[in-house]
Amino acid sequence: MRIVVCVKFVPDIQSDRQLGADGRVVRDGGDGTLNELDENAVEAALALAEEHDGEVVVLTAGPDDAVDAVRKGLQMGADEAVHVLDDDVAGSDAIGTATVLAAAVRHLSADAPVDLVLTGMAGLDGLTSLLPAALAELLDLPALPLASSLDVDVDARTATVVRRLDHATETLTAPLPAVVSVTDGINEPRYPNFKGIMAARKKPVATLTLADLGVDPATVGAAGARTQVLEAAPRPPREDRVLLTDTGDAGTRLAAWLVERKLV
Amino acid sequence: MTATPVLVLLDHAPDGTLRAPVRELLTLARDLAGDAGVHGVWAGDQDVAAARPVLAAQGVTAVHRLVTDADPHVSDVLADGLQAALAATGSTLLLLVSSFENKEAAARLAVRTGAGVVTDVDGLTLEDGRVVAHKTVLAGTWTTRCAVTTPTAVVTVKANAVPAQDAPAPSDPRVEDLPVAVRPSSTRVTVVERSEHAASGRPDLGSANVVVVGGRGTEGDFSPVEELADVLGGAVGATRVATDEGWIGHDAQIGQTGVTVSPRLYVGAGVSGAVHHRGGMQASGTIVAVNSDPDAPIFEIADFGIVGDLFTVLPQTAAELRRLQG
């Protein structure tokens, strides 16, 4: 079983995240990390690979620093890594990113068939959650998004997931190969141990360009983006704030304030 | 106004009543469409009758009922239907309630049709003929305006983005069947089981106007949280700690990976305001926090913060509100 995990390099959510003048997330603040939600996807892939004697490839597209994201995947136990590094990728929207990753998955499929493509449920920067379905559409594969549990039947070659939506819980099944996104509730990602960190140093990281993948630069990056940020500004600070310590009547004062603000 | 009708996906409950945020989307669509009118898209076997009063009050011109044997709960099938509706109406703007399943369909439409997609917006305008979306990003700390540069725009809109208002004059919406050619590849995913979540008797968390949230500080006793929620007519939410502890179901978890809320009024009780939680609520209109720890990070973003014991403050607030409301 061969599993590709798509991971993203994002600014640490504990850091002071910023948008630049071009409306894009500032990605070179030195606070970048592997998207936390992708750690669950790496963990799910490693668990399946251990169970079925499989192989895990971590894949990312992004600037120089993004290699840190796939390195973390290697430290956790992935076997190899692919980093699509090309200036023309910068400024990609979710569909552009999916276009690049889909081409990379196809490129990997040429070496050996890919059975499963895993992703996290969202990137903690943009939080659009568009990528998994877009990737499935581009690869012409079934999608099983938002899995809080994942079972793979290697004999029947099917994947089955349970997913919790706002109004319902669903069990979905589809034939392999398939694209699956996983939630942060599916597992507890392992920490890279010393052995894993040392072993990762010897694992290969292949660097590919758009030309290597046969992707037309006009279809991705800022050139291919279908939206344009006109304006980006920090949200103005909240005004007229009240902070008090309860001396016995704070609840009453809150009630009066809610009424005065016409919030009830 | 737009040149062709604005389409709105009519999310509905199993009994055929519209989900609350759909009214808001219909109001928003009406403002943008002008004389071109608003058309609804209906996916599912239910009769449109239960939704008809709201659709008429919102001035909806037509409803396109997707006719297919395939299950529209599968995002591929829904995308097939929405694509057919866009083609049949010539519409260039489709609005969907922001939900995971709708975003899946939006992503597929984007790939298939070349449409530009913006998710989780809280406002929409037309500027020089282009659709411009307003949204908050990076956990509600930044606001952006973003233009769709492609001819067709697919936009998912957050609940409570705009207040729902009835049209000046009601309409008599015509309901038309729209046969959908489902692609063979769209039926690869099978819905083995689907169970609707039980209704709580309170508003839906994701779309409620008022949300009262309990965190670690409740120590598992949600009764003051529920009492205040009921006085305010709001929904009850929780932090990850509270759901992990099993104090309340996982459906109630608010955060970047749980339910995202942006109510007019958020009340956090015993909620510290960890970054994951803030990512799911920071775009709320007014934020009230009650916590015994004066250093809790939630006080940094609270409009009204009380350092105190939630077990005395919340019941007192509820009692005073009941008194004021007579």
# chains A, B, ... in the order shown; residues from 1 in each chain; ligands from 1
$ residues_around --residues "range 163-175 of chain A" --least-positions-apart "3" --cutoff "8 Å" --atoms "only C-alpha atoms" --output "list in words"
Pro142, Ala143, Leu144, Pro145, Leu146, Ala147, Ser148, Ser149, Arg157, Thr158, Ala159, Thr160 and Ala178 of chain A; Ser99, Phe100, Glu101, Arg188, Val189, Thr190, Val191, Val192, Glu193, Arg194, Ser195, Glu196, His197, Gly206, Asp251 and Val259 of chain B
$ write_last_selection --atoms "C-alpha atoms" --output "mmCIF file, in the first residue's frame"
data_model
loop_
_atom_site.group_PDB
_atom_site.id
_atom_site.type_symbol
_atom_site.label_atom_id
_atom_site.label_comp_id
_atom_site.auth_asym_id
_atom_site.auth_seq_id
_atom_site.Cartn_x
_atom_site.Cartn_y
_atom_site.Cartn_z
ATOM 1 C CA PRO A 142 -13.497 9.602 -4.996
ATOM 2 C CA ALA A 143 -13.189 11.818 -1.901
ATOM 3 C CA LEU A 144 -13.930 10.860 1.694
ATOM 4 C CA PRO A 145 -13.442 14.134 3.542
ATOM 5 C CA LEU A 146 -13.458 14.933 7.257
ATOM 6 C CA ALA A 147 -12.852 11.400 8.509
ATOM 7 C CA SER A 148 -12.946 10.971 12.273
ATOM 8 C CA SER A 149 -12.254 7.287 11.680
ATOM 9 C CA ARG A 157 -9.665 -2.340 -1.885
ATOM 10 C CA THR A 158 -12.104 0.030 -0.214
ATOM 11 C CA ALA A 159 -11.856 2.818 2.332
ATOM 12 C CA THR A 160 -14.610 3.571 4.837
ATOM 13 C CA ALA A 178 -9.236 7.634 -2.949
ATOM 14 C CA SER B 99 -20.676 24.070 5.773
ATOM 15 C CA PHE B 100 -18.110 21.386 5.135
ATOM 16 C CA GLU B 101 -20.304 19.514 2.656
ATOM 17 C CA ARG B 188 -18.222 5.967 -6.506
ATOM 18 C CA VAL B 189 -18.830 7.218 -2.972
ATOM 19 C CA THR B 190 -21.644 5.406 -1.157
ATOM 20 C CA VAL B 191 -23.409 6.766 1.917
ATOM 21 C CA VAL B 192 -23.578 3.580 3.986
ATOM 22 C CA GLU B 193 -25.333 5.268 6.872
ATOM 23 C CA ARG B 194 -26.536 8.745 7.723
ATOM 24 C CA SER B 195 -28.061 9.653 11.066
ATOM 25 C CA GLU B 196 -29.427 13.115 11.701
ATOM 26 C CA HIS B 197 -28.385 14.625 15.015
ATOM 27 C CA GLY B 206 -23.454 27.141 13.985
ATOM 28 C CA ASP B 251 -21.098 18.428 18.396
ATOM 29 C CA VAL B 259 -17.949 24.443 14.933
#
$ interface_residues --of "chain B" --to "chain A" --cutoff "6 Å" --atoms "only C-alpha atoms" --output "mmCIF file with C-alpha atoms, in the first residue's frame"
data_model
loop_
_atom_site.group_PDB
_atom_site.id
_atom_site.type_symbol
_atom_site.label_atom_id
_atom_site.label_comp_id
_atom_site.auth_asym_id
_atom_site.auth_seq_id
_atom_site.Cartn_x
_atom_site.Cartn_y
_atom_site.Cartn_z
ATOM 1 C CA GLU B 104 -16.738 20.241 -0.941
ATOM 2 C CA ALA B 107 -14.369 23.052 -4.660
ATOM 3 C CA ARG B 108 -15.575 20.589 -7.273
ATOM 4 C CA GLY B 116 -13.675 31.482 -8.433
ATOM 5 C CA THR B 141 -7.790 39.140 13.558
ATOM 6 C CA TRP B 142 -7.719 40.511 9.992
ATOM 7 C CA THR B 143 -10.415 41.718 7.637
ATOM 8 C CA THR B 144 -10.087 41.454 3.865
ATOM 9 C CA ARG B 145 -11.961 42.409 0.738
ATOM 10 C CA CYS B 146 -11.456 40.010 -2.092
ATOM 11 C CA ALA B 147 -12.683 40.278 -5.712
ATOM 12 C CA VAL B 148 -13.583 37.258 -7.801
ATOM 13 C CA THR B 149 -11.856 37.725 -11.151
ATOM 14 C CA THR B 150 -13.533 34.885 -13.052
ATOM 15 C CA ARG B 188 -18.222 5.967 -6.506
ATOM 16 C CA VAL B 189 -18.830 7.218 -2.972
ATOM 17 C CA THR B 190 -21.644 5.406 -1.157
ATOM 18 C CA VAL B 191 -23.409 6.766 1.917
ATOM 19 C CA VAL B 192 -23.578 3.580 3.986
ATOM 20 C CA GLU B 193 -25.333 5.268 6.872
ATOM 21 C CA ARG B 194 -26.536 8.745 7.723
ATOM 22 C CA SER B 195 -28.061 9.653 11.066
ATOM 23 C CA GLU B 196 -29.427 13.115 11.701
ATOM 24 C CA HIS B 197 -28.385 14.625 15.015
ATOM 25 C CA ASP B 303 -16.031 43.510 25.191
ATOM 26 C CA PHE B 304 -17.325 42.815 28.703
ATOM 27 C CA GLY B 305 -15.091 40.816 31.016
ATOM 28 C CA ILE B 306 -15.891 39.711 34.537
ATOM 29 C CA VAL B 307 -13.283 38.244 36.830
ATOM 30 C CA GLY B 308 -15.470 36.145 39.039
ATOM 31 C CA VAL B 313 -22.366 35.506 37.981
ATOM 32 C CA GLN B 316 -27.449 36.382 38.700
ATOM 33 C CA THR B 317 -27.357 37.570 35.075
ATOM 34 C CA GLU B 320 -31.806 39.926 36.341
ATOM 35 C CA LEU B 321 -32.619 39.421 32.643
#
$ residues_around --residues "Lys158 in chain B" --least-positions-apart "5" --cutoff "10 Å" --atoms "only C-alpha atoms" --output "ChimeraX atom specification"
/B:21,24-25,96-99,119-123,135,206-207,260-262
$ write_last_selection --atoms "C-alpha atoms" --output "PDB file, in the first residue's frame"
ATOM      1  CA  PRO B  21     -28.982  30.783   7.550  1.00  0.00           C
ATOM      2  CA  GLU B  24     -29.971  35.362   5.383  1.00  0.00           C
ATOM      3  CA  LEU B  25     -28.482  34.182   2.088  1.00  0.00           C
ATOM      4  CA  LEU B  96     -24.085  28.393  -0.350  1.00  0.00           C
ATOM      5  CA  VAL B  97     -24.306  28.267   3.436  1.00  0.00           C
ATOM      6  CA  SER B  98     -20.768  27.721   4.774  1.00  0.00           C
ATOM      7  CA  SER B  99     -20.676  24.070   5.773  1.00  0.00           C
ATOM      8  CA  THR B 119     -15.435  30.631   1.546  1.00  0.00           C
ATOM      9  CA  ASP B 120     -16.778  31.819   4.892  1.00  0.00           C
ATOM     10  CA  VAL B 121     -17.595  35.357   3.814  1.00  0.00           C
ATOM     11  CA  ASP B 122     -19.535  37.785   5.964  1.00  0.00           C
ATOM     12  CA  GLY B 123     -20.503  40.263   3.289  1.00  0.00           C
ATOM     13  CA  LYS B 135     -14.207  38.106   5.142  1.00  0.00           C
ATOM     14  CA  GLY B 206     -23.454  27.141  13.985  1.00  0.00           C
ATOM     15  CA  SER B 207     -26.124  29.673  13.110  1.00  0.00           C
ATOM     16  CA  THR B 260     -17.095  27.995  13.894  1.00  0.00           C
ATOM     17  CA  VAL B 261     -19.510  30.531  15.332  1.00  0.00           C
ATOM     18  CA  SER B 262     -19.973  34.232  14.696  1.00  0.00           C
TER      19      SER B 262
END
$ residues_around --residues "range 282-284 of chain B" --least-positions-apart "4" --cutoff "7 Å" --atoms "only C-alpha atoms" --output "JSON, numbers by chain"
{"B": [139, 140, 261, 262, 263, 264, 265, 266, 278]}
$ select_by_dssp --residues "range 102-155 of chain B" --states "alpha helix (DSSP H)" --output "VMD selection string"
chain B and resid 102 to 113
$ closest_residue --among "B:Thr136, B:Ser272, B:Asn160, B:Asn102" --to "Asp76 in chain B" --atoms "only C-alpha atoms"
B:Asn102
$ atom_distance --atom1 "CA of Ala110 in chain B" --atom2 "CA of Leu32 in chain B"
21.1 Å
$ atom_distance --atom1 "CA of Val212 in chain B" --atom2 "CA of Asp244 in chain B"
18.1 Å
$ closest_residue --among "A:Val152, A:Ala222, A:Met76, A:Leu208" --to "Val56 in chain A" --atoms "only C-alpha atoms"
A:Met76
$ residues_around --residues "range 195-203 of chain A" --least-positions-apart "4" --cutoff "9 Å" --atoms "only C-alpha atoms" --output "list in words"
Arg71, Lys72, Gly73, Leu74, Gln75, Met76, Gly77, Ala78, Asp79, Glu80 and Ala81 of chain A
$ select_by_dssp --residues "range 33-165 of chain A" --states "strand (DSSP E or B)" --output "VMD selection string"
chain A and resid 33 to 34 55 to 61 80 to 84 116 to 120 143 to 147 149 to 153 158 to 164
$ write_last_selection --atoms "N, CA and C atoms" --output "tab-separated table (two decimals), in the first residue's frame"
chain	number	residue	atom	x	y	z
A	33	THR	N	5.69	26.27	10.51
A	33	THR	CA	5.68	24.92	11.06
A	33	THR	C	4.81	24.04	10.17
A	34	LEU	N	4.88	22.73	10.41
A	34	LEU	CA	3.95	21.82	9.75
A	34	LEU	C	2.56	22.11	10.30
A	55	GLU	N	4.00	2.09	2.41
A	55	GLU	CA	5.04	3.09	2.23
A	55	GLU	C	4.36	4.47	2.26
A	56	VAL	N	5.01	5.43	2.94
A	56	VAL	CA	4.40	6.76	3.08
A	56	VAL	C	5.30	7.82	2.45
A	57	VAL	N	4.71	8.61	1.57
A	57	VAL	CA	5.42	9.73	0.95
A	57	VAL	C	4.76	11.02	1.42
A	58	VAL	N	5.54	11.95	1.97
A	58	VAL	CA	4.97	13.26	2.33
A	58	VAL	C	5.27	14.24	1.20
A	59	LEU	N	4.27	15.04	0.88
A	59	LEU	CA	4.34	15.93	-0.28
A	59	LEU	C	3.93	17.33	0.14
A	60	THR	N	4.70	18.32	-0.29
A	60	THR	CA	4.28	19.70	-0.04
A	60	THR	C	4.64	20.56	-1.24
A	61	ALA	N	3.96	21.69	-1.36
A	61	ALA	CA	4.32	22.72	-2.35
A	61	ALA	C	4.45	24.01	-1.58
A	80	GLU	N	9.68	8.77	2.37
A	80	GLU	CA	10.31	9.73	1.48
A	80	GLU	C	9.49	11.00	1.39
A	81	ALA	N	10.10	12.04	0.80
A	81	ALA	CA	9.43	13.33	0.77
A	81	ALA	C	9.60	13.98	-0.59
A	82	VAL	N	8.60	14.74	-0.98
A	82	VAL	CA	8.65	15.50	-2.23
A	82	VAL	C	8.29	16.95	-1.91
A	83	HIS	N	9.11	17.85	-2.39
A	83	HIS	CA	8.88	19.29	-2.17
A	83	HIS	C	8.80	19.95	-3.55
A	84	VAL	N	7.62	20.46	-3.89
A	84	VAL	CA	7.49	21.20	-5.14
A	84	VAL	C	7.90	22.64	-4.84
A	116	LEU	N	-3.71	5.70	-1.77
A	116	LEU	CA	-4.45	6.60	-0.91
A	116	LEU	C	-3.74	7.94	-0.87
A	117	VAL	N	-4.52	9.03	-0.97
A	117	VAL	CA	-3.97	10.37	-0.78
A	117	VAL	C	-4.63	10.94	0.47
A	118	LEU	N	-3.82	11.29	1.46
A	118	LEU	CA	-4.35	11.79	2.73
A	118	LEU	C	-4.01	13.26	2.90
A	119	THR	N	-4.93	14.00	3.54
A	119	THR	CA	-4.67	15.39	3.89
A	119	THR	C	-5.27	15.65	5.27
A	120	GLY	N	-4.88	16.78	5.87
A	120	GLY	CA	-5.56	17.25	7.08
A	120	GLY	C	-6.90	17.85	6.68
A	143	ALA	N	-13.67	11.12	-3.10
A	143	ALA	CA	-13.19	11.82	-1.90
A	143	ALA	C	-14.00	11.38	-0.69
A	144	LEU	N	-13.29	11.18	0.41
A	144	LEU	CA	-13.93	10.86	1.69
A	144	LEU	C	-13.41	11.89	2.70
A	145	PRO	N	-14.00	13.07	2.71
A	145	PRO	CA	-13.44	14.13	3.54
A	145	PRO	C	-13.91	14.08	4.99
A	146	LEU	N	-13.07	14.67	5.87
A	146	LEU	CA	-13.46	14.93	7.26
A	146	LEU	C	-13.61	13.65	8.07
A	147	ALA	N	-12.73	12.69	7.84
A	147	ALA	CA	-12.85	11.40	8.51
A	147	ALA	C	-12.45	11.51	9.97
A	149	SER	N	-12.85	8.62	11.63
A	149	SER	CA	-12.25	7.29	11.68
A	149	SER	C	-12.07	6.82	10.25
A	150	LEU	N	-11.06	5.99	10.04
A	150	LEU	CA	-10.74	5.52	8.69
A	150	LEU	C	-10.37	4.05	8.75
A	151	ASP	N	-11.07	3.24	7.96
A	151	ASP	CA	-10.75	1.81	7.84
A	151	ASP	C	-10.47	1.50	6.39
A	152	VAL	N	-9.37	0.80	6.16
A	152	VAL	CA	-9.04	0.39	4.81
A	152	VAL	C	-9.10	-1.12	4.73
A	153	ASP	N	-9.85	-1.63	3.76
A	153	ASP	CA	-9.93	-3.06	3.52
A	153	ASP	C	-9.04	-3.35	2.32
A	158	THR	N	-11.17	-1.05	-0.51
A	158	THR	CA	-12.10	0.03	-0.21
A	158	THR	C	-11.63	0.78	1.03
A	159	ALA	N	-12.08	2.02	1.12
A	159	ALA	CA	-11.86	2.82	2.33
A	159	ALA	C	-13.22	3.23	2.87
A	160	THR	N	-13.35	3.18	4.20
A	160	THR	CA	-14.61	3.57	4.84
A	160	THR	C	-14.30	4.58	5.93
A	161	VAL	N	-15.07	5.66	5.96
A	161	VAL	CA	-14.84	6.69	6.98
A	161	VAL	C	-16.14	7.02	7.68
A	162	VAL	N	-16.00	7.52	8.90
A	162	VAL	CA	-17.13	8.13	9.62
A	162	VAL	C	-16.84	9.61	9.71
A	163	ARG	N	-17.84	10.43	9.41
A	163	ARG	CA	-17.62	11.86	9.51
A	163	ARG	C	-18.81	12.54	10.17
A	164	ARG	N	-18.49	13.50	11.01
A	164	ARG	CA	-19.52	14.25	11.73
A	164	ARG	C	-19.70	15.60	11.06
$ decode --residues "range 148-217 of chain B" --atoms "C-alpha atoms" --output "short mmCIF file (atom, residue, chain, number, x, y, z; two decimals), in the first residue's frame"
data_model
loop_
_atom_site.label_atom_id
_atom_site.label_comp_id
_atom_site.auth_asym_id
_atom_site.auth_seq_id
_atom_site.Cartn_x
_atom_site.Cartn_y
_atom_site.Cartn_z
CA VAL B 148 -13.58 37.26 -7.80
CA THR B 149 -11.86 37.73 -11.15
CA THR B 150 -13.53 34.88 -13.05
CA PRO B 151 -16.92 35.17 -14.80
CA THR B 152 -18.61 32.80 -12.34
CA ALA B 153 -18.39 33.10 -8.56
CA VAL B 154 -19.25 30.44 -5.98
CA VAL B 155 -19.41 31.89 -2.48
CA THR B 156 -20.02 30.22 0.86
CA VAL B 157 -21.52 32.62 3.40
CA LYS B 158 -21.22 32.37 7.18
CA ALA B 159 -24.33 32.25 9.33
CA ASN B 160 -25.32 35.64 10.82
CA ALA B 161 -23.45 37.48 8.04
CA VAL B 162 -26.49 39.66 7.38
CA PRO B 163 -29.84 40.02 9.14
CA ALA B 164 -32.62 38.22 7.24
CA GLN B 165 -35.34 40.57 6.01
CA ASP B 166 -38.46 39.80 4.07
CA ALA B 167 -38.86 41.22 0.56
CA PRO B 168 -40.97 44.37 0.15
CA ALA B 169 -43.56 42.23 -1.62
CA PRO B 170 -43.92 38.45 -1.41
CA SER B 171 -43.56 36.29 -4.50
CA ASP B 172 -45.24 33.17 -5.78
CA PRO B 173 -42.19 31.03 -6.55
CA ARG B 174 -42.55 28.59 -9.41
CA VAL B 175 -41.07 25.16 -8.77
CA GLU B 176 -39.44 23.46 -11.73
CA ASP B 177 -37.92 20.00 -11.94
CA LEU B 178 -34.36 20.03 -13.22
CA PRO B 179 -33.16 16.61 -14.41
CA VAL B 180 -29.51 16.11 -13.46
CA ALA B 181 -27.14 14.02 -15.56
CA VAL B 182 -25.05 12.46 -12.80
CA ARG B 183 -21.58 11.53 -13.98
CA PRO B 184 -20.74 7.84 -13.53
CA SER B 185 -17.72 8.82 -11.42
CA SER B 186 -19.97 10.73 -9.02
CA THR B 187 -21.49 7.54 -7.62
CA ARG B 188 -18.22 5.97 -6.51
CA VAL B 189 -18.83 7.22 -2.97
CA THR B 190 -21.64 5.41 -1.16
CA VAL B 191 -23.41 6.77 1.92
CA VAL B 192 -23.58 3.58 3.99
CA GLU B 193 -25.33 5.27 6.87
CA ARG B 194 -26.54 8.75 7.72
CA SER B 195 -28.06 9.65 11.07
CA GLU B 196 -29.43 13.12 11.70
CA HIS B 197 -28.38 14.62 15.01
CA ALA B 198 -31.20 14.91 17.52
CA ALA B 199 -32.64 18.40 17.85
CA SER B 200 -31.78 19.97 21.21
CA GLY B 201 -34.76 22.32 21.40
CA ARG B 202 -32.24 25.17 21.20
CA PRO B 203 -31.07 26.99 18.05
CA ASP B 204 -28.38 25.38 15.88
CA LEU B 205 -24.98 26.19 17.33
CA GLY B 206 -23.45 27.14 13.99
CA SER B 207 -26.12 29.67 13.11
CA ALA B 208 -27.43 30.89 16.50
CA ASN B 209 -27.65 34.63 17.22
CA VAL B 210 -26.50 34.04 20.77
CA VAL B 211 -24.07 31.38 21.96
CA VAL B 212 -23.23 30.63 25.60
CA VAL B 213 -20.13 28.51 26.02
CA GLY B 214 -18.84 26.48 28.95
CA GLY B 215 -15.18 25.59 29.40
CA ARG B 216 -12.91 24.00 31.95
CA GLY B 217 -14.20 26.35 34.66
#
